[in-house]
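The structure appears right after this line, and notes come after that.
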Amino acid sequence: MFSPEGPTLRELAVQALSSVEHGYDLLAPKFDHTPFRTPDTILDAVASALGGLGPFDDGLDLCCGTGAGLDVLERVCRGSVTGIDISAGMLEVARQRTGAGERTGGPRVSLVRGDARALPFATTAAPTPAFDLVVSFGAFGHFLPGELPGLFAQVHSVLRPGGRFAFPVVAPARPGTRAYWALLGFDAVMRVRNAVWKPPFVMYYRAFRLADVRRELTRAGFDVETCALPEFGRRPDGSPRCRMVVATRTPAG
């Protein structure tokens with residue numbers, strides 16, 4: 001599963017026994033050599049789909065990690081690109097790859113350390129929403145289902161009226177397949193780990209279900225649509241293998 005440049009099993013074990021923040025600090029130098037990094041095929045497909053909705057002025061990559069999603073924003077944003085993440089280690093890698101704060105061409109790039117559940121952009125001192133577009137890639141498994149309403153409310157608060165919140169969702173593995181049992185086993189291991197070891201390391205990707213996401217986005221004040229990403233084709237029943245969720249803050253929202 002891992003390239004020779006990736007983490008060893010021992011390094012992964014140490015990460016898994018840490019908090020989410022410290023675990024990603026440890027993994028950061030080798031993160032891009034693991035399967036956890038969003039594949040370029042998905043990033044390119046989302047960039048292509050967003051190109052038909054933009055252009056946008058200012059974009060935010062929520063839980064940006066090492067900055068792969070910032071490349072997507074740079075393709076579709078004309079003004080500024082911002083990444084936020086809780087891990088200082090991941091942000092340092094993102095800073096090295098993007099040249100944040102040092103570039104002279106294209107949209108200006110800045111990186112912010114912070115918690116997605118308490119975004120520091122729309123504040124009392126600067127109450128005007130800051131972004132036209134928010135994206136996120138592969139991060140939602142780190143939030144418990146009960147945290148989604150607050151998370152989506154935070155995104156809503158930093159989007160300008162008419163702004164978009166977009167992210168890809170891969171179709172769930174079908175029951176009985178190898179992928180299904182692998183995900184089920186991983187989920188079970190994480191739950192046992194969190195029951196016996198503190199601090200918790202939240203990574204429950206099976207809990208992020210499209211129907212629940214639609215409902216919570218709507219409750220947060222978004223109009224929600226999905227579009228198939230045609231690069232990934234369709235399953236035998238005709239459903240898309242990968243969708244992009246596009247949640248729009250309504251002008252009155």
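In the structure tokens, the first chain shown is A, the next is B, and so on; residue numbers restart at 1 for each chain, and ligands run from 1 in the order shown.
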Practice task
List the neighbours of segment 170-180 of chain A out to 8 Å using only C-alpha atoms; skip same-chain residues closer than 4 positions along the sequence, and give me the result as a PyMOL selection string.
Solution key: chain A and resi 184+240-243
Handout entry: helix (DSSP H, G or I) positions in segment 4-94 of chain A, given as a PyMOL selection string
Key = chain A and resi 9-16+20-33+40-51+68-76+88-94
Create the file for the chosen residues now, containing C-alpha atoms and written as a PDB file, in the first residue's frame.
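And here is the file that came out, selection-v1.pdb:
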```pdb
ATOM      1  CA  LEU A   9       4.291   0.188  10.225  1.00  0.00           C
ATOM      2  CA  ARG A  10       5.910   1.314  13.461  1.00  0.00           C
ATOM      3  CA  GLU A  11       5.512   4.966  12.493  1.00  0.00           C
ATOM      4  CA  LEU A  12       1.856   4.374  11.627  1.00  0.00           C
ATOM      5  CA  ALA A  13       1.298   2.657  14.965  1.00  0.00           C
ATOM      6  CA  VAL A  14       2.804   5.604  16.836  1.00  0.00           C
ATOM      7  CA  GLN A  15       0.605   7.977  14.857  1.00  0.00           C
ATOM      8  CA  ALA A  16      -2.512   5.923  15.524  1.00  0.00           C
ATOM      9  CA  VAL A  20      -5.434  13.535  15.537  1.00  0.00           C
ATOM     10  CA  GLU A  21      -3.362  16.721  15.658  1.00  0.00           C
ATOM     11  CA  HIS A  22      -0.129  15.163  16.913  1.00  0.00           C
ATOM     12  CA  GLY A  23      -0.582  12.083  14.758  1.00  0.00           C
ATOM     13  CA  TYR A  24      -0.661  14.181  11.610  1.00  0.00           C
ATOM     14  CA  ASP A  25       2.288  16.253  12.824  1.00  0.00           C
ATOM     15  CA  LEU A  26       4.243  12.991  12.929  1.00  0.00           C
ATOM     16  CA  LEU A  27       2.955  11.702   9.588  1.00  0.00           C
ATOM     17  CA  ALA A  28       3.278  14.992   7.698  1.00  0.00           C
ATOM     18  CA  PRO A  29       6.737  14.493   6.083  1.00  0.00           C
ATOM     19  CA  LYS A  30       5.600  11.189   4.542  1.00  0.00           C
ATOM     20  CA  PHE A  31       1.867  11.804   4.144  1.00  0.00           C
ATOM     21  CA  ASP A  32       1.981  12.346   0.375  1.00  0.00           C
ATOM     22  CA  HIS A  33       3.449   8.848  -0.013  1.00  0.00           C
ATOM     23  CA  ASP A  40      -4.758  13.431  -8.342  1.00  0.00           C
ATOM     24  CA  THR A  41      -7.521  11.874 -10.430  1.00  0.00           C
ATOM     25  CA  ILE A  42     -10.126  13.098  -7.915  1.00  0.00           C
ATOM     26  CA  LEU A  43      -8.487  16.507  -7.537  1.00  0.00           C
ATOM     27  CA  ASP A  44      -8.409  16.983 -11.311  1.00  0.00           C
ATOM     28  CA  ALA A  45     -12.038  15.893 -11.698  1.00  0.00           C
ATOM     29  CA  VAL A  46     -13.196  18.348  -9.021  1.00  0.00           C
ATOM     30  CA  ALA A  47     -11.159  21.162 -10.564  1.00  0.00           C
ATOM     31  CA  SER A  48     -12.746  20.449 -13.942  1.00  0.00           C
ATOM     32  CA  ALA A  49     -16.261  20.438 -12.475  1.00  0.00           C
ATOM     33  CA  LEU A  50     -15.653  23.650 -10.534  1.00  0.00           C
ATOM     34  CA  GLY A  51     -14.326  25.295 -13.673  1.00  0.00           C
ATOM     35  CA  ALA A  68      -2.992  19.045  -2.496  1.00  0.00           C
ATOM     36  CA  GLY A  69      -6.399  20.725  -2.612  1.00  0.00           C
ATOM     37  CA  LEU A  70      -4.810  24.161  -2.775  1.00  0.00           C
ATOM     38  CA  ASP A  71      -3.764  23.286  -6.320  1.00  0.00           C
ATOM     39  CA  VAL A  72      -7.453  22.915  -7.190  1.00  0.00           C
ATOM     40  CA  LEU A  73      -8.268  26.342  -5.782  1.00  0.00           C
ATOM     41  CA  GLU A  74      -5.379  27.948  -7.641  1.00  0.00           C
ATOM     42  CA  ARG A  75      -6.918  26.736 -10.901  1.00  0.00           C
ATOM     43  CA  VAL A  76     -10.348  28.246 -10.280  1.00  0.00           C
ATOM     44  CA  ALA A  88       1.336  22.472  12.192  1.00  0.00           C
ATOM     45  CA  GLY A  89       3.363  19.664  10.606  1.00  0.00           C
ATOM     46  CA  MET A  90       0.985  19.290   7.683  1.00  0.00           C
ATOM     47  CA  LEU A  91       0.906  23.056   7.172  1.00  0.00           C
ATOM     48  CA  GLU A  92       4.702  23.180   7.049  1.00  0.00           C
ATOM     49  CA  VAL A  93       4.720  20.656   4.207  1.00  0.00           C
ATOM     50  CA  ALA A  94       1.982  22.664   2.466  1.00  0.00           C
TER      51      ALA A  94
END
```
Problem - Residues within 7 Å of segment 130-146 of chain A, only C-alpha atoms, excluding chain neighbours under 3 positions, as JSON, numbers by chain - result: {"A": [38, 56, 57, 58, 59, 60, 61, 62, 63, 69, 121, 122, 149, 158, 159, 160, 163, 164, 165, 166, 167, 168, 202, 203, 204, 205, 207, 208]}
Exercise for the section: Using DSSP on the backbone, list every residue of segment 23-252 of chain A that comes out as strand (DSSP E), and give them as a PyMOL selection string. Expected result: chain A and resi 56-62+77-85+108-113+131-135+159-170+222-228+242-249
Restrict the selected residues to N, CA and C atoms and save them as a short mmCIF file (atom, residue, chain, number, x, y, z; two decimals), in the first residue's frame.
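As a result, out02.cif now contains:
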```cif
data_model
loop_
_atom_site.label_atom_id
_atom_site.label_comp_id
_atom_site.auth_asym_id
_atom_site.auth_seq_id
_atom_site.Cartn_x
_atom_site.Cartn_y
_atom_site.Cartn_z
N PHE A 56 -14.07 31.93 -9.45
CA PHE A 56 -14.28 32.41 -8.09
C PHE A 56 -13.18 33.40 -7.75
N ASP A 57 -13.45 34.22 -6.76
CA ASP A 57 -12.42 35.17 -6.32
C ASP A 57 -11.55 34.55 -5.23
N ASP A 58 -12.14 34.26 -4.06
CA ASP A 58 -11.35 33.81 -2.91
C ASP A 58 -11.81 32.44 -2.46
N GLY A 59 -10.84 31.53 -2.28
CA GLY A 59 -11.17 30.15 -1.94
C GLY A 59 -10.49 29.68 -0.67
N LEU A 60 -11.14 28.74 0.03
CA LEU A 60 -10.63 28.15 1.26
C LEU A 60 -10.61 26.64 1.12
N ASP A 61 -9.46 26.03 1.45
CA ASP A 61 -9.36 24.58 1.54
C ASP A 61 -9.48 24.21 3.00
N LEU A 62 -10.59 23.58 3.36
CA LEU A 62 -10.89 23.20 4.74
C LEU A 62 -10.16 21.92 5.09
N CYS A 77 -9.60 30.04 -8.78
CA CYS A 77 -9.75 31.29 -8.02
C CYS A 77 -8.83 32.38 -8.60
N ARG A 78 -9.37 33.59 -8.67
CA ARG A 78 -8.60 34.71 -9.24
C ARG A 78 -7.96 35.59 -8.17
N GLY A 79 -8.47 35.54 -6.93
CA GLY A 79 -7.99 36.45 -5.91
C GLY A 79 -7.02 35.82 -4.95
N SER A 80 -7.54 35.12 -3.95
CA SER A 80 -6.68 34.53 -2.93
C SER A 80 -7.07 33.08 -2.68
N VAL A 81 -6.10 32.33 -2.17
CA VAL A 81 -6.30 30.93 -1.80
C VAL A 81 -5.79 30.76 -0.38
N THR A 82 -6.62 30.17 0.48
CA THR A 82 -6.26 29.99 1.89
C THR A 82 -6.45 28.52 2.26
N GLY A 83 -5.51 27.99 3.02
CA GLY A 83 -5.64 26.65 3.58
C GLY A 83 -5.66 26.73 5.09
N ILE A 84 -6.53 25.93 5.71
CA ILE A 84 -6.56 25.86 7.17
C ILE A 84 -6.47 24.41 7.59
N ASP A 85 -5.68 24.16 8.63
CA ASP A 85 -5.53 22.81 9.15
C ASP A 85 -5.11 22.91 10.62
N ARG A 108 -2.75 34.82 -4.52
CA ARG A 108 -1.89 34.75 -3.34
C ARG A 108 -2.36 33.61 -2.44
N VAL A 109 -1.39 32.92 -1.85
CA VAL A 109 -1.67 31.73 -1.03
C VAL A 109 -1.26 32.01 0.40
N SER A 110 -2.16 31.71 1.33
CA SER A 110 -1.85 31.84 2.75
C SER A 110 -2.32 30.59 3.48
N LEU A 111 -1.64 30.28 4.58
CA LEU A 111 -1.95 29.10 5.38
C LEU A 111 -2.22 29.53 6.81
N VAL A 112 -3.23 28.90 7.41
CA VAL A 112 -3.67 29.28 8.75
C VAL A 112 -3.80 28.01 9.58
N ARG A 113 -3.23 28.04 10.77
CA ARG A 113 -3.43 26.93 11.69
C ARG A 113 -4.70 27.20 12.50
N PHE A 131 -15.08 34.27 1.75
CA PHE A 131 -14.80 33.38 0.64
C PHE A 131 -16.00 33.20 -0.29
N ASP A 132 -15.67 32.90 -1.56
CA ASP A 132 -16.68 32.53 -2.56
C ASP A 132 -16.76 31.03 -2.72
N LEU A 133 -15.71 30.33 -2.32
CA LEU A 133 -15.64 28.89 -2.51
C LEU A 133 -14.89 28.25 -1.35
N VAL A 134 -15.47 27.18 -0.81
CA VAL A 134 -14.79 26.35 0.19
C VAL A 134 -14.78 24.92 -0.35
N VAL A 135 -13.62 24.29 -0.31
CA VAL A 135 -13.50 22.89 -0.72
C VAL A 135 -12.92 22.08 0.43
N LEU A 159 -18.79 31.93 4.05
CA LEU A 159 -19.11 32.05 2.63
C LEU A 159 -19.95 33.29 2.36
N ARG A 160 -19.62 33.99 1.29
CA ARG A 160 -20.45 35.10 0.85
C ARG A 160 -21.76 34.56 0.27
N PRO A 161 -22.83 35.34 0.27
CA PRO A 161 -24.07 34.89 -0.37
C PRO A 161 -23.81 34.45 -1.80
N GLY A 162 -24.32 33.29 -2.14
CA GLY A 162 -24.07 32.71 -3.45
C GLY A 162 -22.81 31.88 -3.52
N GLY A 163 -22.01 31.86 -2.43
CA GLY A 163 -20.78 31.09 -2.40
C GLY A 163 -21.05 29.60 -2.35
N ARG A 164 -20.06 28.82 -2.77
CA ARG A 164 -20.22 27.36 -2.87
C ARG A 164 -19.31 26.62 -1.90
N PHE A 165 -19.83 25.54 -1.37
CA PHE A 165 -19.08 24.58 -0.56
C PHE A 165 -19.09 23.28 -1.34
N ALA A 166 -17.92 22.83 -1.82
CA ALA A 166 -17.87 21.69 -2.72
C ALA A 166 -16.88 20.65 -2.22
N PHE A 167 -17.26 19.39 -2.38
CA PHE A 167 -16.35 18.30 -1.99
C PHE A 167 -16.80 17.01 -2.67
N PRO A 168 -15.85 16.11 -2.96
CA PRO A 168 -16.20 14.84 -3.60
C PRO A 168 -16.66 13.81 -2.59
N VAL A 169 -17.53 12.93 -3.04
CA VAL A 169 -17.99 11.81 -2.22
C VAL A 169 -17.95 10.55 -3.09
N VAL A 170 -17.15 9.60 -2.69
CA VAL A 170 -17.04 8.33 -3.42
C VAL A 170 -18.19 7.42 -3.00
N PHE A 222 -28.00 25.77 3.36
CA PHE A 222 -27.49 25.60 2.00
C PHE A 222 -28.56 25.01 1.08
N ASP A 223 -28.48 25.38 -0.19
CA ASP A 223 -29.14 24.64 -1.25
C ASP A 223 -28.15 23.58 -1.73
N VAL A 224 -28.57 22.32 -1.78
CA VAL A 224 -27.63 21.22 -2.02
C VAL A 224 -27.94 20.53 -3.34
N GLU A 225 -26.89 20.38 -4.14
CA GLU A 225 -26.97 19.62 -5.38
C GLU A 225 -25.79 18.66 -5.42
N THR A 226 -25.92 17.63 -6.24
CA THR A 226 -24.77 16.76 -6.50
C THR A 226 -24.64 16.60 -8.01
N CYS A 227 -23.41 16.43 -8.44
CA CYS A 227 -23.18 16.15 -9.86
C CYS A 227 -22.20 15.00 -9.97
N ALA A 228 -22.46 14.12 -10.92
CA ALA A 228 -21.56 12.99 -11.14
C ALA A 228 -20.24 13.50 -11.70
N CYS A 242 -18.48 8.31 -8.29
CA CYS A 242 -18.00 9.45 -7.51
C CYS A 242 -18.83 10.67 -7.86
N ARG A 243 -19.27 11.40 -6.84
CA ARG A 243 -20.05 12.61 -7.02
C ARG A 243 -19.31 13.80 -6.41
N MET A 244 -19.70 14.98 -6.87
CA MET A 244 -19.28 16.19 -6.18
C MET A 244 -20.52 16.83 -5.57
N VAL A 245 -20.47 17.06 -4.27
CA VAL A 245 -21.53 17.78 -3.59
C VAL A 245 -21.25 19.27 -3.73
N VAL A 246 -22.28 20.02 -4.14
CA VAL A 246 -22.16 21.47 -4.25
C VAL A 246 -23.27 22.08 -3.40
N ALA A 247 -22.88 22.70 -2.29
CA ALA A 247 -23.82 23.35 -1.39
C ALA A 247 -23.66 24.85 -1.54
N THR A 248 -24.76 25.54 -1.88
CA THR A 248 -24.71 26.97 -2.18
C THR A 248 -25.38 27.75 -1.06
N ARG A 249 -24.67 28.74 -0.55
CA ARG A 249 -25.28 29.67 0.40
C ARG A 249 -26.20 30.60 -0.38
#
```
Problem - Counting only C-alpha atoms, the residue of A:Gly150, A:Pro120, A:Pro107, A:Pro55 that sits nearest Ala220 of chain A - result: A:Gly150
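If you look at atom CA of Leu151 of chain A and atom CA of Ala116 of chain A, they are 6.7 Å away from each other.
A straight line drawn from atom CA of Ser157 of chain A to atom CA of Pro129 of chain A is 6.5 Å long.
From atom CA of Thr218 of chain A back to atom CA of Phe36 of chain A, the distance works out to 28.6 Å.
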